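Trainee: One structure is given below, represented as structure tokens, and several questions about it will come after.
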Amino acid sequence: MKLISNFSSFVKVLAGNTALLNDVGTLGTSNLTLVLGNESADLDSMVSSLTLAYVLSAQKNSSSVGNVVAVMNTNRADMVLRQDCQMLLQSALLAEGGKGIEDLTFIDDIDLQAVVGRYSSDNNSNNNKKKEQEGIGRPALDVWLVDHNAPASRQSFLEDYVRGIVDHHVDEGKCQAAQWREIESVGSCSTLVAAKVRSLGNPVDPTLAKLMLAPVLLDTDNFSAASQRATEKDRDIRSWLVPLVEWAPHASSSSFSSLLEGAAGAGSSDAEGDDEAQSSGRELQVSSAQELYKTLDKLKGSVKHLASEDLLRKDYKQWQVADGAGKVWAVGISSVAYRMQKWLKRDGVGGVEDAVQAWIAKQGLDVALIMTHGKARPRKKQPKAYGRDLAVGFSQAGVSGLQESLLVRLLRESDTLGLQSLHVDDLQSDMDRSRMLFFAQTRSESSRKQVFPAVKHAIESM
């Protein structure tokens with residue numbers, strides 16, 4: 001394995017990782033470390049995965065750690081839904097001598113369960129038998145979870161292999177055997193990973209500094225006092241990173257429209273060989289942290305053109321939660337940067353309900369919660385204001401009317417959510433007839449990080 005002396009040398013080995021994980025002949029014959037973010041695969045999760053893999057790769061130069069691979073926990077094709085991720089990662093990887101997003105390993109590029117199987121105790125290959133006979137010991141698989149602290153329900157087979165956790169969500173109490181469990185309630189998981197990068201003592205180049213700073217700004221709403229997300233540790237990391245970034249002069253800053261065009265072309269198969277599309281994603285030229293935040297926030301929020309299914313799957317997580325009667329609920333939560341009243345007016349109440357029911361069936365859910373957020377007019381002629389809404393849909397086959405009523409009552413009683421009935425002019429009669437329930441979430445500071453524990457508590461109380 002090539003010596004990893006800096007971030008640039010780390011980027012230059014990324015292109016070989018997917019082939020490594022698909023090489024049945026050699027997989028399982030040497031130590032391997034996988035770094036996975038959560039399945040919503042937002043900017044914080046993807047950047048944290050990549051930068052933590054860099055930290056572990058740099059540390060392995062003086063340890064027995066084998067190859068370290070960051071796995072983006074989403075399908076490659078879904079990157080087109082994440083224009084902020086696409087722009088920032090494409091820009092960073094190209095700047096460090098890589099080929100861009102094509103160098104990254106996505107969850108559908110590999111058979112994760114087969115990779116794990118090569119390291120299971122049942123894998124008695126001749127190579128492993130020979131190592132044991134020579135007293136060397138079996139090759140080990142270590143999994144590091146970043147931006148979550150328990151494997152997704154569909155990846156529960158990873159639990160026995162989890163050796164490290166770096167996360168900022170509520171501790172779910174899983175993976176207690178992990179040798180490193182760093183779970184701290186900060187604004188951004190990238191803050192915790194950036195602290196690890198700083199502890200390496202290696203020089204931090206401007207590209208890496210910008211890469212780590214971006215999700216810290218987004219996750220804290222640019223350190224907005226109103227959002228109440230930033231902690232002192234987030235502020236400390238911001239103070240460390242901002243001077244390390246090479247900011248463009250104001251006259252050289254990229255316009256939002258040009259960046260949007262670059263994000264649309266960068267990393268897509270249609271842009272292959274298109275020098276103009278590739279060059280437009282080469283550098284994210286911004287003149288300040290404020291401009292970096294505004295640019296990526298606009299890219300992240302550019303979703304109104306997406307179909308309902310794309311809105312539901314863009315930023316999605318799923319869990320299994322057992323209620324007091326022993327029923328195991330499949331719970332899915334979609335976070336959508338598009339206010340519910342705008343969505344309902346665009347597609348109609350029936351259109352949104354049909355899309356949610358199709359999503360429930362496709363994912364095998366008992367309950368789907370759709371968290372929408374952004375600016376909208378509460379009523380006609382009123383000024384736009386930031387807020388959150390919550391829509392709830394149930395499986396028509398797997399959940400009884402009594403179970404629905406009980407869970408909704410418990411959610412209404414949650415102080416974390418502060419739910420009130422949502423009113424949308426001109427659509428109220430359709431909303432009242434819908435089997436879905438629509439709420440205004442008055443506790444707008446509660447993101448999914450706070451909402452899921454409240455939902456979990458409600459189900460466990462049933």
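Residue numbers start at 1 in each chain; chains themselves are named A, B, ... in the order of the structure tokens; ligands are numbered from 1 in the order shown.
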Give the alpha helix (DSSP H) residues of range 295-394 of chain A, as assigned by DSSP on the backbone, as a ChimeraX atom specification.
Mentor: /A:295-300,308-314,340-363
Trainee: Under the rule of at most 12 Å, produce a per-residue listing of range 138-241 of chain A near range 362-386 of chain A: chain, number, name, the closest pair of atoms, and the distance in Å, as a tab-separated table, using only C-alpha atoms.
Mentor:
```
residue	atom	partner	partner_atom	distance
A:Ser153	CA	A:Gln363	CA	11.7
A:Arg154	CA	A:Gln363	CA	10.7
A:Asp221	CA	A:Gly374	CA	11.8
A:Ala226	CA	A:Tyr386	CA	10.5
A:Ser227	CA	A:Tyr386	CA	10.5
```
Trainee: Provide the CA of Val35 in chain A to CA of Val321 in chain A distance in Å, to one decimal place.
Mentor: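 Separation between CA of Val35 in chain A and CA of Val321 in chain A: 25.0 Å.
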Trainee: From the set A:Thr105, A:Ile237, A:Glu39, A:Thr295, which residue has the shortest atom-to-atom contact distance to Gln83 in chain A, counting only C-alpha atoms?
Mentor: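 Comparing A:Thr105, A:Ile237, A:Glu39, A:Thr295 against Gln83 in chain A, the winner is A:Thr295.
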Trainee: Could you check the closest approach to His457 in chain A for each of A:Thr442, A:Gln179, A:Thr416, A:Thr74 and tell me which residue wins, using only C-alpha atoms?
Mentor: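 Of the candidates, the smallest distance to His457 in chain A is held by A:Thr416.
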Trainee: Contacts of Leu422 in chain A at 10 Å or less, counting only C-alpha atoms, minus same-chain residues fewer than 5 places along, as a list in words?
Mentor: Met340, Gln341, Pro378, Asp389, Leu390, Ala391, Gln428, Met431, Leu437, Phe438, Phe439, Ala440 and Gln441 of chain A
Trainee: Output N, CA and C atoms for every residue in the selection just made, as a compact mmCIF listing (two decimals), in the first residue's frame.
Mentor:
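Listed below is the output, part13.txt:
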```txt
# COMPACT_ATOMS: atom_id res chain seq x y z
N MET A 340 -43.95 21.64 2.88
CA MET A 340 -45.07 20.77 2.55
C MET A 340 -46.15 21.49 1.77
N GLN A 341 -46.46 22.74 2.13
CA GLN A 341 -47.53 23.43 1.41
C GLN A 341 -47.17 23.64 -0.06
N PRO A 378 -46.84 31.34 5.77
CA PRO A 378 -47.82 30.62 6.60
C PRO A 378 -49.24 30.79 6.09
N ASP A 389 -42.38 21.18 8.76
CA ASP A 389 -43.65 20.46 8.75
C ASP A 389 -43.35 18.98 8.91
N LEU A 390 -44.34 18.23 9.33
CA LEU A 390 -44.19 16.79 9.46
C LEU A 390 -45.45 16.12 8.93
N ALA A 391 -45.28 15.24 7.95
CA ALA A 391 -46.39 14.44 7.44
C ALA A 391 -46.17 13.00 7.84
N GLN A 428 -57.45 22.58 2.15
CA GLN A 428 -57.78 22.04 3.45
C GLN A 428 -58.78 20.88 3.37
N MET A 431 -56.94 17.79 2.40
CA MET A 431 -56.09 17.34 3.49
C MET A 431 -56.91 16.66 4.58
N LEU A 437 -51.54 12.37 7.62
CA LEU A 437 -51.71 13.44 8.59
C LEU A 437 -50.63 14.47 8.36
N PHE A 438 -51.02 15.75 8.40
CA PHE A 438 -50.10 16.84 8.10
C PHE A 438 -50.02 17.78 9.29
N PHE A 439 -48.79 18.04 9.74
CA PHE A 439 -48.60 18.88 10.92
C PHE A 439 -47.59 19.99 10.64
N ALA A 440 -47.78 21.11 11.32
CA ALA A 440 -46.73 22.12 11.43
C ALA A 440 -45.90 21.74 12.65
N GLN A 441 -44.58 21.72 12.50
CA GLN A 441 -43.70 21.37 13.61
C GLN A 441 -43.18 22.67 14.23
```
Trainee: If you count only C-alpha atoms, which residues fall within 9 Å of Ser414 in chain A, apart from same-chain ones fewer than 5 positions away, as a ChimeraX atom specification?
Mentor: /A:409,419,454-455,458
Trainee: Generate a file of the selected residues that holds C-alpha atoms, formatted as a tab-separated table (two decimals), in the first residue's frame.
Mentor:
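Here's the written file again17.tsv:
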```tsv
chain	number	residue	atom	x	y	z
A	409	ARG	CA	-51.50	10.78	19.91
A	419	LEU	CA	-47.02	19.43	16.48
A	454	ALA	CA	-38.92	11.08	19.90
A	455	VAL	CA	-40.58	8.71	17.40
A	458	ALA	CA	-43.38	6.94	21.22
```
Trainee: Could you please determine the separation between CA of Arg435 in chain A and CA of Ala307 in chain A in Å, to one decimal place?
Mentor: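 Between CA of Arg435 in chain A and CA of Ala307 in chain A the gap is 21.1 Å.
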Trainee: Per residue of range 179-235 of chain A within 12 Å of range 3-23 of chain A, record the nearest atom pair and its distance in Å to one decimal, counting only C-alpha atoms, with rows in chain order and ascending residue number, as JSON lines.
Mentor:
```
{"residue": "A:Val197", "atom": "CA", "partner": "A:Phe7", "partner_atom": "CA", "distance": 10.0}
{"residue": "A:Leu200", "atom": "CA", "partner": "A:Asn6", "partner_atom": "CA", "distance": 10.1}
{"residue": "A:Gly201", "atom": "CA", "partner": "A:Asn6", "partner_atom": "CA", "distance": 10.5}
{"residue": "A:Asn202", "atom": "CA", "partner": "A:Asn6", "partner_atom": "CA", "distance": 6.9}
{"residue": "A:Pro203", "atom": "CA", "partner": "A:Asn6", "partner_atom": "CA", "distance": 7.5}
{"residue": "A:Val204", "atom": "CA", "partner": "A:Phe7", "partner_atom": "CA", "distance": 7.8}
{"residue": "A:Asp205", "atom": "CA", "partner": "A:Phe7", "partner_atom": "CA", "distance": 7.7}
{"residue": "A:Pro206", "atom": "CA", "partner": "A:Phe7", "partner_atom": "CA", "distance": 10.4}
{"residue": "A:Thr207", "atom": "CA", "partner": "A:Phe7", "partner_atom": "CA", "distance": 8.9}
{"residue": "A:Leu208", "atom": "CA", "partner": "A:Phe7", "partner_atom": "CA", "distance": 7.0}
{"residue": "A:Ala209", "atom": "CA", "partner": "A:Phe7", "partner_atom": "CA", "distance": 10.4}
{"residue": "A:Leu211", "atom": "CA", "partner": "A:Phe7", "partner_atom": "CA", "distance": 11.1}
{"residue": "A:Met212", "atom": "CA", "partner": "A:Phe7", "partner_atom": "CA", "distance": 12.0}
```
Trainee: For the residues in the current selection, export N, CA and C atoms as a PDB file, in the first residue's frame.
Mentor:
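Below is the file again01.pdb, written as the result:
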```pdb
ATOM      1  N   VAL A 197      -8.172  15.006  12.239  1.00  0.00           N
ATOM      2  CA  VAL A 197      -7.215  15.439  11.219  1.00  0.00           C
ATOM      3  C   VAL A 197      -6.183  16.381  11.848  1.00  0.00           C
ATOM      4  N   LEU A 200      -3.403  14.683  13.752  1.00  0.00           N
ATOM      5  CA  LEU A 200      -2.353  14.002  12.990  1.00  0.00           C
ATOM      6  C   LEU A 200      -1.067  14.822  12.972  1.00  0.00           C
ATOM      7  N   GLY A 201      -1.218  16.140  12.988  1.00  0.00           N
ATOM      8  CA  GLY A 201      -0.053  17.006  12.923  1.00  0.00           C
ATOM      9  C   GLY A 201       0.479  17.212  11.518  1.00  0.00           C
ATOM     10  N   ASN A 202      -0.187  16.627  10.519  1.00  0.00           N
ATOM     11  CA  ASN A 202       0.235  16.812   9.133  1.00  0.00           C
ATOM     12  C   ASN A 202      -0.246  18.169   8.620  1.00  0.00           C
ATOM     13  N   PRO A 203       0.481  18.769   7.679  1.00  0.00           N
ATOM     14  CA  PRO A 203      -0.018  20.015   7.078  1.00  0.00           C
ATOM     15  C   PRO A 203      -1.380  19.784   6.418  1.00  0.00           C
ATOM     16  N   VAL A 204      -2.279  20.730   6.586  1.00  0.00           N
ATOM     17  CA  VAL A 204      -3.621  20.643   5.994  1.00  0.00           C
ATOM     18  C   VAL A 204      -3.669  21.593   4.814  1.00  0.00           C
ATOM     19  N   ASP A 205      -3.838  21.024   3.612  1.00  0.00           N
ATOM     20  CA  ASP A 205      -3.842  21.898   2.439  1.00  0.00           C
ATOM     21  C   ASP A 205      -5.201  22.590   2.292  1.00  0.00           C
ATOM     22  N   PRO A 206      -5.270  23.664   1.500  1.00  0.00           N
ATOM     23  CA  PRO A 206      -6.505  24.452   1.396  1.00  0.00           C
ATOM     24  C   PRO A 206      -7.720  23.651   0.929  1.00  0.00           C
ATOM     25  N   THR A 207      -7.496  22.661   0.051  1.00  0.00           N
ATOM     26  CA  THR A 207      -8.627  21.864  -0.445  1.00  0.00           C
ATOM     27  C   THR A 207      -9.257  21.050   0.674  1.00  0.00           C
ATOM     28  N   LEU A 208      -8.425  20.400   1.478  1.00  0.00           N
ATOM     29  CA  LEU A 208      -8.934  19.607   2.599  1.00  0.00           C
ATOM     30  C   LEU A 208      -9.616  20.508   3.618  1.00  0.00           C
ATOM     31  N   ALA A 209      -9.051  21.681   3.868  1.00  0.00           N
ATOM     32  CA  ALA A 209      -9.660  22.614   4.824  1.00  0.00           C
ATOM     33  C   ALA A 209     -11.059  23.025   4.364  1.00  0.00           C
ATOM     34  N   LEU A 211     -12.997  21.378   2.290  1.00  0.00           N
ATOM     35  CA  LEU A 211     -13.829  20.174   2.302  1.00  0.00           C
ATOM     36  C   LEU A 211     -14.412  19.939   3.693  1.00  0.00           C
ATOM     37  N   MET A 212     -13.590  20.073   4.721  1.00  0.00           N
ATOM     38  CA  MET A 212     -14.060  19.827   6.091  1.00  0.00           C
ATOM     39  C   MET A 212     -14.924  20.974   6.618  1.00  0.00           C
TER      40      MET A 212
END
```
Trainee: Could you please determine the separation between CA of Ala248 in chain A and CA of Arg198 in chain A in Å, to one decimal place?
Mentor: 23.8 Å
Trainee: Please identify all polymer residues within 10 Å of Asn75 in chain A, counting only C-alpha atoms, omitting same-chain residues fewer than 2 positions from it, and present them as a ChimeraX atom specification.
Mentor: /A:39,41,72-73,77-79,105-109
Trainee: Take the selection from the previous step and output its residues with all heavy atoms, as an mmCIF file, in the first residue's frame.
Mentor:
```
data_model
loop_
_atom_site.group_PDB
_atom_site.id
_atom_site.type_symbol
_atom_site.label_atom_id
_atom_site.label_comp_id
_atom_site.auth_asym_id
_atom_site.auth_seq_id
_atom_site.Cartn_x
_atom_site.Cartn_y
_atom_site.Cartn_z
ATOM 1 N N GLU A 39 -26.987 6.207 5.878
ATOM 2 C CA GLU A 39 -27.625 5.949 4.597
ATOM 3 C C GLU A 39 -28.328 7.160 4.010
ATOM 4 O O GLU A 39 -28.754 7.126 2.852
ATOM 5 C CB GLU A 39 -28.612 4.781 4.718
ATOM 6 C CG GLU A 39 -29.763 5.027 5.666
ATOM 7 C CD GLU A 39 -30.690 3.831 5.787
ATOM 8 O OE1 GLU A 39 -30.718 2.992 4.871
ATOM 9 O OE2 GLU A 39 -31.398 3.744 6.814
ATOM 10 N N ALA A 41 -26.662 9.821 3.484
ATOM 11 C CA ALA A 41 -25.555 10.253 2.617
ATOM 12 C C ALA A 41 -25.625 11.744 2.280
ATOM 13 O O ALA A 41 -25.517 12.130 1.125
ATOM 14 C CB ALA A 41 -25.518 9.405 1.342
ATOM 15 N N MET A 72 -19.267 5.329 0.174
ATOM 16 C CA MET A 72 -20.387 6.268 0.205
ATOM 17 C C MET A 72 -21.679 5.462 0.302
ATOM 18 O O MET A 72 -21.991 4.674 -0.593
ATOM 19 C CB MET A 72 -20.400 7.140 -1.052
ATOM 20 C CG MET A 72 -19.105 7.909 -1.324
ATOM 21 S SD MET A 72 -18.694 9.126 -0.065
ATOM 22 C CE MET A 72 -17.254 8.348 0.705
ATOM 23 N N ASN A 73 -22.439 5.672 1.366
ATOM 24 C CA ASN A 73 -23.574 4.795 1.672
ATOM 25 C C ASN A 73 -24.846 5.207 0.915
ATOM 26 O O ASN A 73 -25.920 5.377 1.490
ATOM 27 C CB ASN A 73 -23.823 4.774 3.173
ATOM 28 C CG ASN A 73 -24.429 3.467 3.642
ATOM 29 O OD1 ASN A 73 -24.816 2.626 2.842
ATOM 30 N ND2 ASN A 73 -24.491 3.283 4.947
ATOM 31 N N ALA A 77 -25.885 6.453 -8.768
ATOM 32 C CA ALA A 77 -26.819 7.237 -9.587
ATOM 33 C C ALA A 77 -27.531 8.312 -8.771
ATOM 34 O O ALA A 77 -27.997 9.311 -9.323
ATOM 35 C CB ALA A 77 -27.841 6.314 -10.246
ATOM 36 N N ASP A 78 -27.610 8.117 -7.453
ATOM 37 C CA ASP A 78 -28.331 9.073 -6.614
ATOM 38 C C ASP A 78 -27.532 10.341 -6.334
ATOM 39 O O ASP A 78 -28.062 11.284 -5.724
ATOM 40 C CB ASP A 78 -28.727 8.418 -5.285
ATOM 41 C CG ASP A 78 -29.891 7.454 -5.447
ATOM 42 O OD1 ASP A 78 -30.459 7.412 -6.553
ATOM 43 O OD2 ASP A 78 -30.217 6.739 -4.483
ATOM 44 N N MET A 79 -26.287 10.391 -6.774
ATOM 45 C CA MET A 79 -25.509 11.618 -6.573
ATOM 46 C C MET A 79 -26.125 12.809 -7.312
ATOM 47 O O MET A 79 -25.947 13.954 -6.919
ATOM 48 C CB MET A 79 -24.064 11.410 -7.025
ATOM 49 C CG MET A 79 -23.186 10.749 -5.976
ATOM 50 S SD MET A 79 -23.029 11.712 -4.447
ATOM 51 C CE MET A 79 -21.892 13.000 -4.964
ATOM 52 N N THR A 105 -16.059 5.119 -4.055
ATOM 53 C CA THR A 105 -16.739 3.822 -4.008
ATOM 54 C C THR A 105 -18.122 4.012 -3.387
ATOM 55 O O THR A 105 -18.238 4.498 -2.255
ATOM 56 C CB THR A 105 -15.937 2.819 -3.167
ATOM 57 O OG1 THR A 105 -14.646 2.625 -3.759
ATOM 58 C CG2 THR A 105 -16.658 1.478 -3.084
ATOM 59 N N PHE A 106 -19.158 3.650 -4.136
ATOM 60 C CA PHE A 106 -20.535 3.778 -3.660
ATOM 61 C C PHE A 106 -21.071 2.407 -3.262
ATOM 62 O O PHE A 106 -20.557 1.373 -3.692
ATOM 63 C CB PHE A 106 -21.418 4.405 -4.742
ATOM 64 C CG PHE A 106 -21.113 5.857 -4.977
ATOM 65 C CD1 PHE A 106 -20.061 6.240 -5.805
ATOM 66 C CD2 PHE A 106 -21.864 6.846 -4.348
ATOM 67 C CE1 PHE A 106 -19.770 7.576 -6.009
ATOM 68 C CE2 PHE A 106 -21.580 8.186 -4.547
ATOM 69 C CZ PHE A 106 -20.521 8.557 -5.375
ATOM 70 N N ILE A 107 -22.126 2.417 -2.465
ATOM 71 C CA ILE A 107 -22.614 1.171 -1.873
ATOM 72 C C ILE A 107 -23.075 0.166 -2.929
ATOM 73 O O ILE A 107 -22.968 -1.044 -2.735
ATOM 74 C CB ILE A 107 -23.748 1.458 -0.852
ATOM 75 C CG1 ILE A 107 -23.982 0.265 0.061
ATOM 76 C CG2 ILE A 107 -25.022 1.889 -1.565
ATOM 77 C CD1 ILE A 107 -22.848 -0.025 0.993
ATOM 78 N N ASP A 108 -23.577 0.656 -4.076
ATOM 79 C CA ASP A 108 -24.018 -0.281 -5.107
ATOM 80 C C ASP A 108 -22.893 -0.657 -6.070
ATOM 81 O O ASP A 108 -23.123 -1.419 -7.018
ATOM 82 C CB ASP A 108 -25.219 0.264 -5.875
ATOM 83 C CG ASP A 108 -24.932 1.561 -6.611
ATOM 84 O OD1 ASP A 108 -24.019 2.295 -6.191
ATOM 85 O OD2 ASP A 108 -25.627 1.855 -7.606
ATOM 86 N N ASP A 109 -21.682 -0.152 -5.830
ATOM 87 C CA ASP A 109 -20.523 -0.588 -6.622
ATOM 88 C C ASP A 109 -19.996 -1.930 -6.141
ATOM 89 O O ASP A 109 -19.193 -2.574 -6.827
ATOM 90 C CB ASP A 109 -19.374 0.430 -6.514
ATOM 91 C CG ASP A 109 -19.688 1.748 -7.206
ATOM 92 O OD1 ASP A 109 -20.522 1.736 -8.131
ATOM 93 O OD2 ASP A 109 -19.082 2.768 -6.835
#
```
Trainee: Excluding same-chain residues fewer than 2 positions from Val170 in chain A, what lies within 8 Å of it counting only C-alpha atoms, as a PyMOL selection string?
Mentor: chain A and resi 168+172+183+185+449-450+453
Trainee: Determine which residues of range 68-316 of chain A DSSP labels as strand (DSSP E or B) from the backbone of this structure, then write them out as an NGL selection string.
Mentor: :A and (68-72 or 105-106 or 141-146 or 162-167 or 180-183 or 316)
Trainee: Take the residues from that selection and write them out as a compact mmCIF listing (two decimals), in the first residue's frame, keeping N, CA, C and O atoms.
Mentor:
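Below is the file again-v4.txt, written as the result:
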```txt
# COMPACT_ATOMS: atom_id res chain seq x y z
N VAL A 68 -7.62 0.91 3.73
CA VAL A 68 -8.73 1.67 4.30
C VAL A 68 -9.57 2.22 3.16
O VAL A 68 -9.07 2.93 2.29
N VAL A 69 -10.87 1.88 3.15
CA VAL A 69 -11.75 2.28 2.05
C VAL A 69 -12.98 3.00 2.61
O VAL A 69 -13.69 2.47 3.46
N ALA A 70 -13.20 4.21 2.11
CA ALA A 70 -14.43 4.94 2.43
C ALA A 70 -15.51 4.51 1.45
O ALA A 70 -15.30 4.53 0.24
N VAL A 71 -16.65 4.10 1.97
CA VAL A 71 -17.78 3.67 1.13
C VAL A 71 -18.90 4.69 1.29
O VAL A 71 -19.39 4.92 2.39
N MET A 72 -19.27 5.33 0.17
CA MET A 72 -20.39 6.27 0.20
C MET A 72 -21.68 5.46 0.30
O MET A 72 -21.99 4.67 -0.59
N THR A 105 -16.06 5.12 -4.06
CA THR A 105 -16.74 3.82 -4.01
C THR A 105 -18.12 4.01 -3.39
O THR A 105 -18.24 4.50 -2.25
N PHE A 106 -19.16 3.65 -4.14
CA PHE A 106 -20.53 3.78 -3.66
C PHE A 106 -21.07 2.41 -3.26
O PHE A 106 -20.56 1.37 -3.69
N LEU A 141 -11.36 -7.75 9.41
CA LEU A 141 -12.17 -6.69 8.84
C LEU A 141 -12.60 -5.76 9.97
O LEU A 141 -13.20 -6.20 10.95
N ASP A 142 -12.26 -4.50 9.86
CA ASP A 142 -12.70 -3.49 10.82
C ASP A 142 -13.65 -2.53 10.11
O ASP A 142 -13.34 -2.06 9.01
N VAL A 143 -14.77 -2.25 10.74
CA VAL A 143 -15.74 -1.29 10.20
C VAL A 143 -15.81 -0.09 11.13
O VAL A 143 -15.93 -0.25 12.35
N TRP A 144 -15.69 1.08 10.55
CA TRP A 144 -15.88 2.32 11.30
C TRP A 144 -17.17 2.98 10.81
O TRP A 144 -17.37 3.16 9.62
N LEU A 145 -18.03 3.31 11.77
CA LEU A 145 -19.26 4.03 11.47
C LEU A 145 -19.04 5.50 11.76
O LEU A 145 -18.54 5.86 12.83
N VAL A 146 -19.39 6.34 10.81
CA VAL A 146 -19.26 7.78 10.99
C VAL A 146 -20.61 8.42 10.69
O VAL A 146 -21.33 7.99 9.78
N VAL A 162 -17.88 -3.86 13.82
CA VAL A 162 -17.68 -2.43 14.11
C VAL A 162 -16.59 -2.28 15.17
O VAL A 162 -16.72 -2.77 16.29
N ARG A 163 -15.51 -1.59 14.80
CA ARG A 163 -14.39 -1.36 15.72
C ARG A 163 -14.31 0.09 16.16
O ARG A 163 -13.67 0.41 17.16
N GLY A 164 -14.96 0.99 15.40
CA GLY A 164 -14.89 2.40 15.76
C GLY A 164 -16.15 3.15 15.37
O GLY A 164 -16.81 2.80 14.38
N ILE A 165 -16.48 4.16 16.15
CA ILE A 165 -17.65 5.00 15.90
C ILE A 165 -17.26 6.45 16.15
O ILE A 165 -16.66 6.77 17.19
N VAL A 166 -17.58 7.32 15.21
CA VAL A 166 -17.45 8.77 15.40
C VAL A 166 -18.78 9.37 14.97
O VAL A 166 -19.14 9.31 13.79
N ASP A 167 -19.51 9.95 15.91
CA ASP A 167 -20.89 10.35 15.60
C ASP A 167 -21.34 11.49 16.50
O ASP A 167 -20.77 11.72 17.56
N TRP A 180 -13.47 1.99 19.84
CA TRP A 180 -13.51 3.45 19.89
C TRP A 180 -14.94 3.89 19.70
O TRP A 180 -15.53 3.68 18.65
N ARG A 181 -15.52 4.51 20.71
CA ARG A 181 -16.89 5.02 20.62
C ARG A 181 -16.87 6.50 20.98
O ARG A 181 -16.94 6.88 22.14
N GLU A 182 -16.76 7.33 19.97
CA GLU A 182 -16.76 8.78 20.18
C GLU A 182 -18.11 9.32 19.70
O GLU A 182 -18.34 9.51 18.50
N ILE A 183 -19.00 9.54 20.64
CA ILE A 183 -20.35 10.02 20.33
C ILE A 183 -20.56 11.29 21.14
O ILE A 183 -20.67 11.26 22.36
N TYR A 316 -32.77 10.06 3.22
CA TYR A 316 -33.69 9.08 3.82
C TYR A 316 -32.94 8.14 4.76
O TYR A 316 -31.82 7.72 4.47
```
Trainee: Pick the closest to Lys298 in chain A from A:Asp84, A:Asp147, A:Glu102, A:Asp44: which is it, counting only C-alpha atoms?
Mentor: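 Under the stated criterion, the closest residue is A:Asp84.
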